[in-house]
Each structure stands twice: as structure tokens, then as C-alpha cells.
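Asker: I have a structure I would like to understand better, so I am pasting it below and will then ask my questions one at a time.
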Amino acid sequence: MSKLNTNSNSYIIIYSTILVIIVAFLLAFIFKALKPMQDANVALDVKKQILYSLNIRDLDGAEAEAKYAEVVKNEGDIDGQKYYACEIDGEDILVVSLKGMGLWGGISGYISIHGDEVPVVYGAYFNHEGETAGLGAEIKDSQAWQEKFIGKKVFVDPADGSEVALSVVKKVDDPETQVDCVTGATLTSNGVNDMIKAGLKDAGKRFVQLFVTTRCVKDEPTDSTAVEPKAEEE
Amino acid sequence: MALFSKQNKEVFTNPLNLDHPILGQVLGICSALAVTSQLKPAIVMGLAVTVITAFSNTIISILRNTIPNRIRIVVQLVVVAALVTIVSQILKAYVYDVSVQLSVYVGLIITNCILMGRLEAFAMQNKPWPSFLDGVGNGLGYAMILVIVGAVREFLGRGSLLGFQIIPDACYDWGYINNGMMTMPAMALILVGIVIWVHRAYFYKEK
């Protein structure tokens with residue numbers, strides 16, 4: 001081994017090629033082997049987040065799975081946005097998935113809405129990819145902040161539902177619809193605000209249809225396309 | 001060559017005492033500040049770094065005579081990056097919520113100065129077994145600080161340890177308030193500073 005010139009160009013090229021090939025195979029193998037478990041974890045995490053938005057927190061894996069099966073009656077998909085029809089204590093609640101941009105990366109969330117005449121927020125949960133810990137990350141970490149959404153009115157005109165009144169602002173003028181933003185995280189809060197406006201606006205009319213005309217999708221056939229109301233707006 | 005000769009023991013214990021990676025050499029501060037707001041991620045991060053330093057040290061030490069000098073940093077990085085990716089995949093599969101909490105910091109172990117420092121300074125010159133001990137020692141030294149800082153921050157900032165409430169509700173009824181400052185990264189810096197101060201005061205006296 002000592003006679004080998006480890007500094008010759010051909011040695012370096014061969015050495016690095018072999019090293020990289022070994023590492024690549026190793027990583028590919030491990031990735032393949034662990035993929036099913038990771039997928040299961042991600043799926044469970046989504047269910048937990050939906051339960052969080054329904055104010056059901058502190059549940060472990062199996063419990064959360066059971067509770068989810070009990071609470072969520074149906075789910076649907078409109079233009080890539082997910083809806084979940086849920087029932088808690090006999091009351092119909094709709095959970096909407098949201099996606100948006102924070103300061104450093106994507107943010108997402110679930111907002112649950114109830115109420116027949118005037119839809120109000122039942123609960124909310126937000127998640128982020130890489131917001132600043134202690135500041136922007138509070139949208140996910142601070143349960144107290146998420147609970148501020150509870151009871152806020154969602155739409156400007158409940159009968160129309162195309163304009164979203166629910167917002168995150170620096171100075172709360174209207175406590176019925178506005179939520180105070182996270183201190184020190186204005187840009188992340190603005191992201192949450194935009195996400196809510198965009199996510200709920202697209203669905204505004206459909207919501208009202210779901211709530212007022214069909215009450216909730218659970219009465220419809222349990223086909224996931226059933227969430228889509230008959231009258232398409234676009 | 002006994003497995004635990006005096007020399008080997010020193011290799012293992014030095015990073016825990018005088019040559020402590022964080023306290024003595026002030027390496028790896030960045031991640032120490034970021035992941036210590038609670039105890040659980042701090043412990044997992046400490047363990048992850050320990051495993052990665054130990055194995056990357058061993059692997060580099062085994063390869064040390066074959067590694068071309070000109071690309072040694074690249075080779076070290078490839079080994080470390082592979083190990084970090086493996087650890088992060090395993091975390092995702094077995095402790096998903098912790099891996100979410102640690103988010104980018106597991107990936108950033110690759111750039112942790114302790115790792116590169118130990119590979120360059122120790123593993124490139126020493127046999128595999130002492131290198132392994134050196135890696136474990138440095139990893140544990142790092143983990144130790146993470147756990148201390150994480151415990152203090154979680155206790156004072158949230159009144160709990162490992163998620164279990166320690167401060168009874170009665171205290172809150174009497175007007176006790178969690179110190180929200182403790183959950184901010186700045187307090188980690190101050191705590192690490194205090195630990196470094198105590199450590200130096202103690203060891204310089206002994207010297």
C-alpha cells in the first residue's frame with residue numbers, strides 16, 4: 001500500500017469514483033428500506049394536524065389514528081386543496097387545508113369551521129418548514145396563538161362567502177374577525193394572512209353551499225368526488 | 001495495546017474535561033444554540049452527533065492511508081454527509097416528531113465544526129479504535145452541554161422537563177410565570193457563556 005502513489009491523478013479519480021458509488025448505493029438502499037415507515041409517519045402526522053385543528057391535542061399514534069377514524073367522516077379534493085368533513089358531538093365541522101409562503105419557506109395549516117348561518121372558526125393549526133425558532137415558528141409552537149382564531153367570523157357576508165374577513169393583522173380593529181399577529185414575526189404573520197385569504201377565498205362559495213344547502217358532505221354518498229358541489233363557478 | 005490503556009482513556013476523557021469541544025475549543029456553538037429550547041430534541045441531537053462523530057472518525061481512520069491528500073476534505077465530507085443522511089432518514093422513520101422539531105439542524109450536522117475538526121486533527125493521524133473513542137468523547141461532550149442548556153431552558157421557559165410538567169399548577173396560581181425569554185435562542189448563548197465561565201474558572205484553578 002505504501003508504494004502506491006496516492007497523489008497521482010488516476011488514483012484520485014478512481015478513488016473518488018469508487019467512494020461515491022459505494023455511498024450512493026448505501027444511501028439508496030437505506031432510503032428504500034425506510035421509505036414505508038416514513039410514509040406512514042407522514043400520513044399519521046397529517047391526521048394529527050387535522051385533529052389539532054379540531055382542538056384535539058396530545059394524542060399518541062394509535063389513539064390519534066382511532067380518533068381520526070371516529071371524527072373524520074369524509075374527505076374531498078378541489079383543485080388540489082383538501083377538505084375534510086368531520087363530526088364532533090353531533091356537530092358538523094369542515095376542515096380546510098391551507099398552503100402558503102412564510103418568510104423562509106412554505107407554511108401550511110388546517111382551519112376548521114362550523115356554524116350553519118354564520119360560519120366561525122372552530123380551531124386552527126399551522127405548520128412551517130423553516131421559520132425562525134422563537135419568532136415565526138410560534139405559528140406552529142404557540143397553541144395560545146392558534147387558539148386566538150377560535151370563534152372568529154370567516155366571511156364578510158355569510159350568505160355569500162366569497163370575501164374572507166378572517167385576517168391576521170398588526171392592529172386589531174375588529175375583534176370579531178381579526179387576529180393579532182405574532183410579535184417579531186410580521187412577515188410570517190403576513191404569510192399566514194395571505195394563506196388564509198387565498199385558501200378560504202377559493203372555497204368561499206362552495207363552503208356556503210356545503211353548509212347551507214347540503215349541511216355537510218356526510219349526507220352525500222361517501223364518494224370523495226361528492227364534496228364537489230354541482231354548480232361550478234369558474 | 002489494551003483496549004482501555006491509559007492513553008486511550010485520556011483520548012476519551014479529554015474532550016469531556018479540559019479539551020471540551022464546546023467549552024474549550026468553542027466549536028459547534030451554532031447548533032448548540034438552536035436546538036436546545038427543549039430537552040428532548042437536545043438529547044436526540046446530542047446522540048446523533050455522537051454517533052456521527054464516532055463512526056465518521058472510525059471510517060476516516062480506517063481509510064486514512066488510502067485517502068489522497070489533495071482531496072481529503074472532500075472524502076471526509078462525503079463520509080460525513082452519507083452518515084448524516086442515514087441518521088436523518090432513521091430519525092424520520094423512528095422518531096418523526098423529533099426529526100420535524102430538529103428540522104434543518106440534522107442536515108447541518110454536516111457543517112458542524114466539531115466533526116471536521118476531529119477528522120482533520122485526530123482521525124487522519126490515529127488508529128481506528130482511539131479515533132472511535134475520540135469521536136464518542138467529543139460527541140458526548142457536545143451532548144452534555146446540549147442537555148444542560150436544554151434542561152435549564154425547558155425548565156425555566158416552559159416549567160417542564162421532557163414534556164412532563166415539573167412546576168405544579170399551584171405555583172402558577174400563586175403568580176409564577178414561565179420565563180418566555182428562555183425559549184429564545186439568545187438565552188442559549190447566555191447560558192452557554194455561563195457554562196464556559198464556570199468550566200474555565202474550575203479547570204484553570206486545577207491547572
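Scheme for the C-alpha cells: letters A, B, ... for chains in order shown; per-chain residue numbers from 1; ligand numbers from 1 in order shown.
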As a PyMOL selection string, please: the residues near B:Leu133 (cut-off 9 Å, only C-alpha atoms, same-chain neighbours under 5 positions excluded).

Answerer: chain B and resi 8-9+11-13+54+57-58+128+138

Asker: Got a sec to pull out which chain A residues are within 7 Å of chain B, counting only C-alpha atoms, and send them as a PyMOL selection string?

Answerer: chain A and resi 6-7+12+23+27+31+34+37-38+41+134

Asker: Figure out the distance between atom CA of B:Ser61 and atom CA of B:Ser131, please, to one decimal in Å.

Answerer: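 These two atoms are separated by 6.6 Å.
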
Asker: Going by DSSP on the backbone, which bits of stretch 8-221 of chain A are alpha helix (DSSP H)? Write them as number ranges by chain, please.

Answerer: A: 9-53, 61-71, 138-141, 143-147, 186-208

Asker: Do you have the atom CA of A:Gly76-atom CA of A:Ala144 distance handy?

Answerer: 29.3 Å
